[in-house]
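Have a look at work.cif; it's mmCIF, C-alpha atoms:
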data_upload
#
loop_
_atom_site.group_PDB
_atom_site.id
_atom_site.type_symbol
_atom_site.label_atom_id
_atom_site.label_comp_id
_atom_site.auth_asym_id
_atom_site.auth_seq_id
_atom_site.Cartn_x
_atom_site.Cartn_y
_atom_site.Cartn_z
ATOM 1 C CA MET A 1088 0.000 0.000 0.000
ATOM 2 C CA ARG A 1089 1.390 3.417 -0.911
ATOM 3 C CA ARG A 1090 2.180 5.829 1.894
ATOM 4 C CA GLY A 1091 -0.347 8.287 0.468
ATOM 5 C CA ALA A 1092 -3.100 5.722 0.837
ATOM 6 C CA VAL A 1093 -2.012 4.994 4.383
ATOM 7 C CA GLY A 1094 -1.972 8.734 5.141
ATOM 8 C CA THR A 1095 -5.455 9.191 3.691
ATOM 9 C CA ALA A 1096 -6.879 6.353 5.767
ATOM 10 C CA PHE A 1097 -5.200 7.737 8.860
ATOM 11 C CA LEU A 1098 -6.499 11.243 8.260
ATOM 12 C CA ALA A 1099 -10.068 10.011 8.049
ATOM 13 C CA ALA A 1100 -9.639 8.034 11.281
ATOM 14 C CA ALA A 1101 -7.909 10.954 13.015
ATOM 15 C CA ALA A 1102 -10.674 13.351 12.032
ATOM 16 C CA ALA A 1103 -13.286 10.968 13.404
ATOM 17 C CA ALA A 1104 -11.338 10.489 16.634
ATOM 18 C CA LEU A 1105 -10.988 14.228 17.165
ATOM 19 C CA THR A 1106 -14.654 14.823 16.445
ATOM 20 C CA ALA A 1107 -15.602 12.154 18.957
ATOM 21 C CA CYS A 1108 -13.396 13.315 21.815
ATOM 22 C CA SER A 1109 -14.238 16.098 24.195
ATOM 23 C CA SER A 1110 -12.024 19.098 24.838
ATOM 24 C CA ASP A 1111 -10.545 17.393 27.886
ATOM 25 C CA GLY A 1112 -10.524 13.807 26.679
ATOM 26 C CA PRO A 1113 -7.152 12.888 25.165
ATOM 27 C CA ASN A 1114 -6.849 10.375 22.370
ATOM 28 C CA SER A 1115 -3.940 8.311 23.709
ATOM 29 C CA ALA A 1116 -4.080 5.690 20.966
ATOM 30 C CA ILE A 1117 -1.501 7.498 18.837
ATOM 31 C CA THR A 1118 1.945 6.261 19.822
ATOM 32 C CA GLY A 1119 3.969 7.024 16.677
ATOM 33 C CA ALA A 1120 6.496 9.855 16.962
ATOM 34 C CA PRO A 1121 5.535 13.159 15.309
ATOM 35 C CA LEU A 1122 8.355 13.233 12.780
ATOM 36 C CA CYS A 1123 9.015 16.362 10.716
ATOM 37 C CA GLU A 1124 10.186 14.162 7.857
ATOM 38 C CA ASN A 1125 9.022 10.590 7.473
ATOM 39 C CA GLY A 1126 9.479 7.985 4.742
ATOM 40 C CA HIS A 1127 11.074 8.280 1.331
ATOM 41 C CA ASP A 1128 9.151 11.446 0.434
ATOM 42 C CA ASN A 1129 10.298 13.316 3.570
ATOM 43 C CA GLN A 1130 6.769 14.443 4.399
ATOM 44 C CA ALA A 1131 5.619 15.097 7.952
ATOM 45 C CA GLY A 1132 4.433 12.018 9.838
ATOM 46 C CA ASN A 1133 0.753 11.298 10.465
ATOM 47 C CA ALA A 1134 1.115 12.248 14.135
ATOM 48 C CA VAL A 1135 2.038 15.798 13.079
ATOM 49 C CA ILE A 1136 -1.150 15.982 11.001
ATOM 50 C CA LEU A 1137 -3.145 14.872 14.032
ATOM 51 C CA MET A 1138 -1.538 17.582 16.172
ATOM 52 C CA ALA A 1139 -2.412 20.191 13.542
ATOM 53 C CA GLN A 1140 -6.030 19.024 13.502
ATOM 54 C CA SER A 1141 -6.149 19.233 17.304
ATOM 55 C CA VAL A 1142 -5.281 22.943 17.283
ATOM 56 C CA PRO A 1143 -6.766 24.341 14.038
ATOM 57 C CA SER A 1144 -5.677 27.917 14.818
ATOM 58 C CA ALA A 1145 -1.952 27.088 15.006
ATOM 59 C CA THR A 1146 0.154 28.361 12.101
ATOM 60 C CA TRP A 1147 3.068 26.170 13.269
ATOM 61 C CA VAL A 1148 3.002 22.582 14.522
ATOM 62 C CA PRO A 1149 5.815 20.954 16.550
ATOM 63 C CA CYS A 1150 7.603 17.848 15.361
ATOM 64 C CA ILE A 1151 10.771 15.846 15.918
ATOM 65 C CA ARG A 1152 13.156 16.951 13.195
ATOM 66 C CA THR A 1153 16.181 14.732 13.647
ATOM 67 C CA ALA A 1154 17.046 11.335 14.998
ATOM 68 C CA LEU A 1155 16.982 11.529 18.770
ATOM 69 C CA PRO A 1156 20.434 11.686 20.373
ATOM 70 C CA LEU A 1157 21.827 8.670 22.199
ATOM 71 C CA GLY A 1158 20.036 8.280 25.525
ATOM 72 C CA TRP A 1159 16.831 10.024 24.404
ATOM 73 C CA SER A 1160 13.598 8.389 23.236
ATOM 74 C CA PHE A 1161 10.063 9.341 22.288
ATOM 75 C CA HIS A 1162 7.570 8.591 25.096
ATOM 76 C CA HIS A 1163 4.094 9.099 23.587
ATOM 77 C CA LEU A 1164 1.648 11.583 22.070
ATOM 78 C CA GLU A 1165 -1.738 12.723 23.335
ATOM 79 C CA ALA A 1166 -4.146 14.759 21.222
ATOM 80 C CA SER A 1167 -7.575 16.206 21.948
ATOM 81 C CA ASN A 1168 -9.677 19.101 20.701
ATOM 82 C CA GLY A 1169 -7.650 22.216 21.481
ATOM 83 C CA GLU A 1170 -4.445 20.558 22.680
ATOM 84 C CA ALA A 1171 -1.725 18.170 21.562
ATOM 85 C CA ARG A 1172 1.410 17.159 23.410
ATOM 86 C CA PHE A 1173 4.226 14.667 23.452
ATOM 87 C CA TRP A 1174 7.121 13.790 25.726
ATOM 88 C CA LEU A 1175 10.753 12.793 25.434
ATOM 89 C CA ASP A 1176 12.470 10.419 27.865
ATOM 90 C CA SER A 1177 16.129 10.596 28.837
ATOM 91 C CA ASN A 1178 18.269 7.869 30.334
ATOM 92 C CA ARG A 1179 19.990 10.555 32.459
ATOM 93 C CA ASP A 1180 17.104 12.876 33.236
ATOM 94 C CA GLY A 1181 14.234 10.410 33.560
ATOM 95 C CA ASN A 1182 10.918 9.651 31.897
ATOM 96 C CA LYS A 1183 9.036 12.605 30.428
ATOM 97 C CA ALA A 1184 12.107 14.767 30.992
ATOM 98 C CA VAL A 1185 10.875 17.171 28.311
ATOM 99 C CA GLY A 1186 7.266 17.770 27.326
ATOM 100 C CA VAL A 1187 6.108 19.619 24.206
ATOM 101 C CA ARG A 1188 2.572 21.045 24.220
ATOM 102 C CA LEU A 1189 0.664 22.842 21.465
ATOM 103 C CA THR A 1190 -2.347 24.997 22.350
ATOM 104 C CA GLU A 1191 -4.099 28.027 20.876
ATOM 105 C CA SER A 1192 -2.954 30.226 23.774
ATOM 106 C CA CYS A 1193 -1.173 29.905 27.100
ATOM 107 C CA THR A 1194 -0.583 31.769 30.348
ATOM 108 C CA THR A 1195 2.983 33.009 30.692
ATOM 109 C CA ALA A 1196 2.736 34.802 34.053
ATOM 110 C CA GLY A 1197 6.142 35.100 35.707
ATOM 111 C CA ALA A 1198 8.074 34.194 32.560
ATOM 112 C CA THR A 1199 10.860 36.401 31.186
ATOM 113 C CA VAL A 1200 11.104 37.449 27.542
ATOM 114 C CA ILE A 1201 14.424 36.392 26.018
ATOM 115 C CA PRO A 1202 15.785 36.577 22.454
ATOM 116 C CA SER A 1203 14.059 33.960 20.321
ATOM 117 C CA ASP A 1204 15.905 31.229 18.476
ATOM 118 C CA ARG A 1205 12.871 30.624 16.208
ATOM 119 C CA GLU A 1206 11.952 33.099 13.499
ATOM 120 C CA GLY A 1207 8.486 34.592 13.839
ATOM 121 C CA MET A 1208 8.060 33.383 17.414
ATOM 122 C CA ARG A 1209 8.267 35.249 20.708
ATOM 123 C CA ARG A 1210 10.166 33.328 23.392
ATOM 124 C CA LEU A 1211 9.687 33.433 27.148
ATOM 125 C CA GLU A 1212 11.236 31.308 29.866
ATOM 126 C CA LEU A 1213 10.349 30.460 33.449
ATOM 127 C CA VAL A 1214 12.730 28.504 35.675
ATOM 128 C CA GLU A 1215 10.819 27.134 38.665
ATOM 129 C CA ARG A 1216 13.597 25.241 40.416
ATOM 130 C CA ILE A 1217 17.317 24.738 39.890
ATOM 131 C CA SER A 1218 18.189 22.018 42.393
ATOM 132 C CA PRO A 1219 18.013 19.098 42.874
ATOM 133 C CA THR A 1220 15.872 18.920 39.710
ATOM 134 C CA TYR A 1221 16.035 21.666 37.093
ATOM 135 C CA THR A 1222 12.392 22.405 36.258
ATOM 136 C CA GLY A 1223 10.574 25.064 34.326
ATOM 137 C CA ARG A 1224 8.861 26.075 31.106
ATOM 138 C CA ARG A 1225 9.867 27.614 27.799
ATOM 139 C CA TYR A 1226 7.183 29.269 25.690
ATOM 140 C CA TYR A 1227 7.090 30.128 22.006
ATOM 141 C CA LEU A 1228 4.183 32.390 21.027
ATOM 142 C CA PHE A 1229 3.094 32.772 17.406
ATOM 143 C CA ASP A 1230 -0.008 33.494 15.318
ATOM 144 C CA GLY A 1231 -2.796 31.215 16.496
ATOM 145 C CA GLY A 1232 -0.739 29.146 18.891
ATOM 146 C CA CYS A 1233 1.557 28.599 21.829
ATOM 147 C CA LEU A 1234 4.289 25.988 21.964
ATOM 148 C CA THR A 1235 5.279 25.113 25.537
ATOM 149 C CA PHE A 1236 8.323 23.083 26.539
ATOM 150 C CA THR A 1237 8.152 21.748 30.084
ATOM 151 C CA PHE A 1238 11.329 20.344 31.530
ATOM 152 C CA SER A 1239 12.249 18.352 34.600
ATOM 153 C CA LEU A 1240 15.908 17.407 34.352
ATOM 154 C CA ASP A 1241 17.788 15.347 36.929
ATOM 155 C CA GLY A 1242 21.113 14.891 35.129
ATOM 156 C CA ASP A 1243 24.443 16.600 35.742
ATOM 157 C CA SER A 1244 24.116 18.986 32.757
ATOM 158 C CA PRO A 1245 20.471 20.158 32.626
ATOM 159 C CA GLY A 1246 21.209 23.198 30.463
ATOM 160 C CA GLU A 1247 22.887 21.012 27.879
ATOM 161 C CA ALA A 1248 20.003 18.529 27.947
ATOM 162 C CA LEU A 1249 17.430 21.295 27.442
ATOM 163 C CA ALA A 1250 19.396 22.817 24.568
ATOM 164 C CA LEU A 1251 19.670 19.392 22.941
ATOM 165 C CA ALA A 1252 15.951 18.719 23.277
ATOM 166 C CA SER A 1253 15.126 22.164 21.876
ATOM 167 C CA GLN A 1254 17.294 21.488 18.819
ATOM 168 C CA VAL A 1255 15.600 18.142 18.207
ATOM 169 C CA VAL A 1256 12.088 19.642 18.274
ATOM 170 C CA GLY A 1257 11.298 21.654 15.172
ATOM 171 C CA VAL A 1258 8.130 23.010 13.616
ATOM 172 C CA VAL A 1259 6.262 22.559 10.348
ATOM 173 C CA SER A 1260 4.083 25.305 8.893
ATOM 174 C CA ARG A 1261 0.360 24.709 8.656
ATOM 175 C CA ALA A 1262 0.492 25.750 4.998
ATOM 176 C CA ASP A 1263 2.939 22.922 4.234
ATOM 177 C CA LEU A 1264 0.762 20.420 6.092
ATOM 178 C CA GLN A 1265 -2.328 21.584 4.195
ATOM 179 C CA GLU A 1266 -0.523 21.009 0.911
ATOM 180 C CA GLN A 1267 0.675 17.586 2.062
ATOM 181 C CA VAL A 1268 -2.862 16.452 2.950
ATOM 182 C CA ARG A 1269 -4.203 17.600 -0.419
ATOM 183 C CA GLU A 1270 -1.368 15.859 -2.260
ATOM 184 C CA GLU A 1271 -1.595 12.581 -0.317
ATOM 185 C CA SER A 1272 -5.375 12.402 -0.730
ATOM 186 C CA GLY A 1273 -5.389 13.366 -4.395
ATOM 187 C CA GLY A 1274 -7.293 16.523 -3.506
ATOM 188 C CA ARG A 1275 -10.086 14.662 -1.705
ATOM 189 C CA LEU A 1276 -9.230 15.813 1.827
ATOM 190 C CA GLU A 1277 -8.299 19.072 3.515
ATOM 191 C CA LEU A 1278 -6.346 19.539 6.723
ATOM 192 C CA ASP A 1279 -9.012 21.996 7.841
ATOM 193 C CA PRO A 1280 -12.355 21.011 6.285
ATOM 194 C CA GLU A 1281 -14.987 23.696 5.809
ATOM 195 C CA GLY A 1282 -16.753 24.421 9.045
ATOM 196 C CA THR A 1283 -13.651 23.815 11.203
ATOM 197 C CA PRO A 1284 -13.486 26.590 13.807
#
For the structure just supplied, provide its representation as structure tokens.
Amino acid sequence: MRRGAVGTAFLAAAAAALTACSSDGPNSAITGAPLCENGHDNQAGNAVILMAQSVPSATWVPCIRTALPLGWSFHHLEASNGEARFWLDSNRDGNKAVGVRLTESCTTAGATVIPSDREGMRRLELVERISPTYTGRRYYLFDGGCLTFTFSLDGDSPGEALALASQVVGVVSRADLQEQVREESGGRLELDPEGTP
């Protein structure tokens, strides 16, 4: 079966799952990593499409853009209406050491604005604790969305671990995902069907 056919079948199932779930009921059945480039055609993975459908306002959608470094692994993805998130495990920093959450908006009270390393995004950071576990949040604000990194790092070099995780997590534009869905479905499906809020 061609990947396009697989993608089309998945999109139909994902749309049905999202329609069926409530705003606070995650769809935990999706365990595949949200890869920025997947397969021979280097298109975004189906999990990225699902995340985009979860937050229809978001102009950017997070994804894993490179092979995870030694000692890091993908934990799982949860998606529901209005929110999508995934976690990364570390053999040094523990399970769910880094979380990545996509929402339409977020509360950034107490966070400090710092120069952004992502074009078109405003970056804020909030460190909640330094020792014994380095914990906090990093926010990226953009049109129609908020990308939040949560971190809880137990290793000897938490700053290095956070920088590494941030490099691994990229973003794909909604416009590119819309084009991918049209192409994979032969024009039969849209990422955001008419009537999507």
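As for atom CA of Glu1191 of chain A and atom CA of Leu1164 of chain A, they are spaced 17.5 Å apart.
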- Item | Residues within 10 Å of Asp1243 of chain A, only C-alpha atoms, excluding chain neighbours under 5 positions, as a PyMOL selection string | chain A and resi 1179-1180+1219-1221+1248
- Run through the PyMOL selection byres ((chain A and resi 1212) around 10) on the given coordinates and return the selected residues as JSON, numbers by chain. {"A": [1195, 1197, 1198, 1199, 1200, 1201, 1210, 1211, 1213, 1214, 1215, 1223, 1224, 1225, 1226, 1227, 1235, 1236]}
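For the pair atom CA of Ser1192 of chain A and atom CA of Val1268 of chain A, the separation is 25.0 Å.
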- Message: Selection in question (the file shown): the PyMOL selection byres ((chain A and resi 1138-1149) around 8). Which residues does it include, as a PyMOL selection string?
- Response: chain A and resi 1102+1105+1121+1134-1137+1150-1151+1166-1172+1187+1189-1191+1229-1234+1256-1262+1278-1279+1283-1284
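In this model, the gap between atom CA of Ala1184 of chain A and atom CA of Gly1207 of chain A comes to 26.5 Å.
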- How would you write, as a ChimeraX atom specification, the residues chosen by the PyMOL selection byres ((chain A and resi 1249-1255) around 9) on this structure? /A:1150-1156,1159,1175,1185,1236,1238,1240,1244-1248,1256-1257
For the selection you just gave me, I'd like the residues written to a file as a PDB file, in the coordinates of the input, keeping C-alpha atoms.
ATOM      1  CA  CYS A1150       7.603  17.848  15.361  1.00  0.00           C
ATOM      2  CA  ILE A1151      10.771  15.846  15.918  1.00  0.00           C
ATOM      3  CA  ARG A1152      13.156  16.951  13.195  1.00  0.00           C
ATOM      4  CA  THR A1153      16.181  14.732  13.647  1.00  0.00           C
ATOM      5  CA  ALA A1154      17.046  11.335  14.998  1.00  0.00           C
ATOM      6  CA  LEU A1155      16.982  11.529  18.770  1.00  0.00           C
ATOM      7  CA  PRO A1156      20.434  11.686  20.373  1.00  0.00           C
ATOM      8  CA  TRP A1159      16.831  10.024  24.404  1.00  0.00           C
ATOM      9  CA  LEU A1175      10.753  12.793  25.434  1.00  0.00           C
ATOM     10  CA  VAL A1185      10.875  17.171  28.311  1.00  0.00           C
ATOM     11  CA  PHE A1236       8.323  23.083  26.539  1.00  0.00           C
ATOM     12  CA  PHE A1238      11.329  20.344  31.530  1.00  0.00           C
ATOM     13  CA  LEU A1240      15.908  17.407  34.352  1.00  0.00           C
ATOM     14  CA  SER A1244      24.116  18.986  32.757  1.00  0.00           C
ATOM     15  CA  PRO A1245      20.471  20.158  32.626  1.00  0.00           C
ATOM     16  CA  GLY A1246      21.209  23.198  30.463  1.00  0.00           C
ATOM     17  CA  GLU A1247      22.887  21.012  27.879  1.00  0.00           C
ATOM     18  CA  ALA A1248      20.003  18.529  27.947  1.00  0.00           C
ATOM     19  CA  VAL A1256      12.088  19.642  18.274  1.00  0.00           C
ATOM     20  CA  GLY A1257      11.298  21.654  15.172  1.00  0.00           C
TER      21      GLY A1257
END
Around all the atoms of segment 1258-1267 of chain A listed in the file, with 8 Å of room on each side, what axis-aligned box do you get, giving centre and edge lengths in Å to one decimal, as AutoDock Vina command-line options?
--center_x 2.9 --center_y 21.7 --center_z 7.3 --size_x 26.5 --size_y 24.2 --size_z 28.7
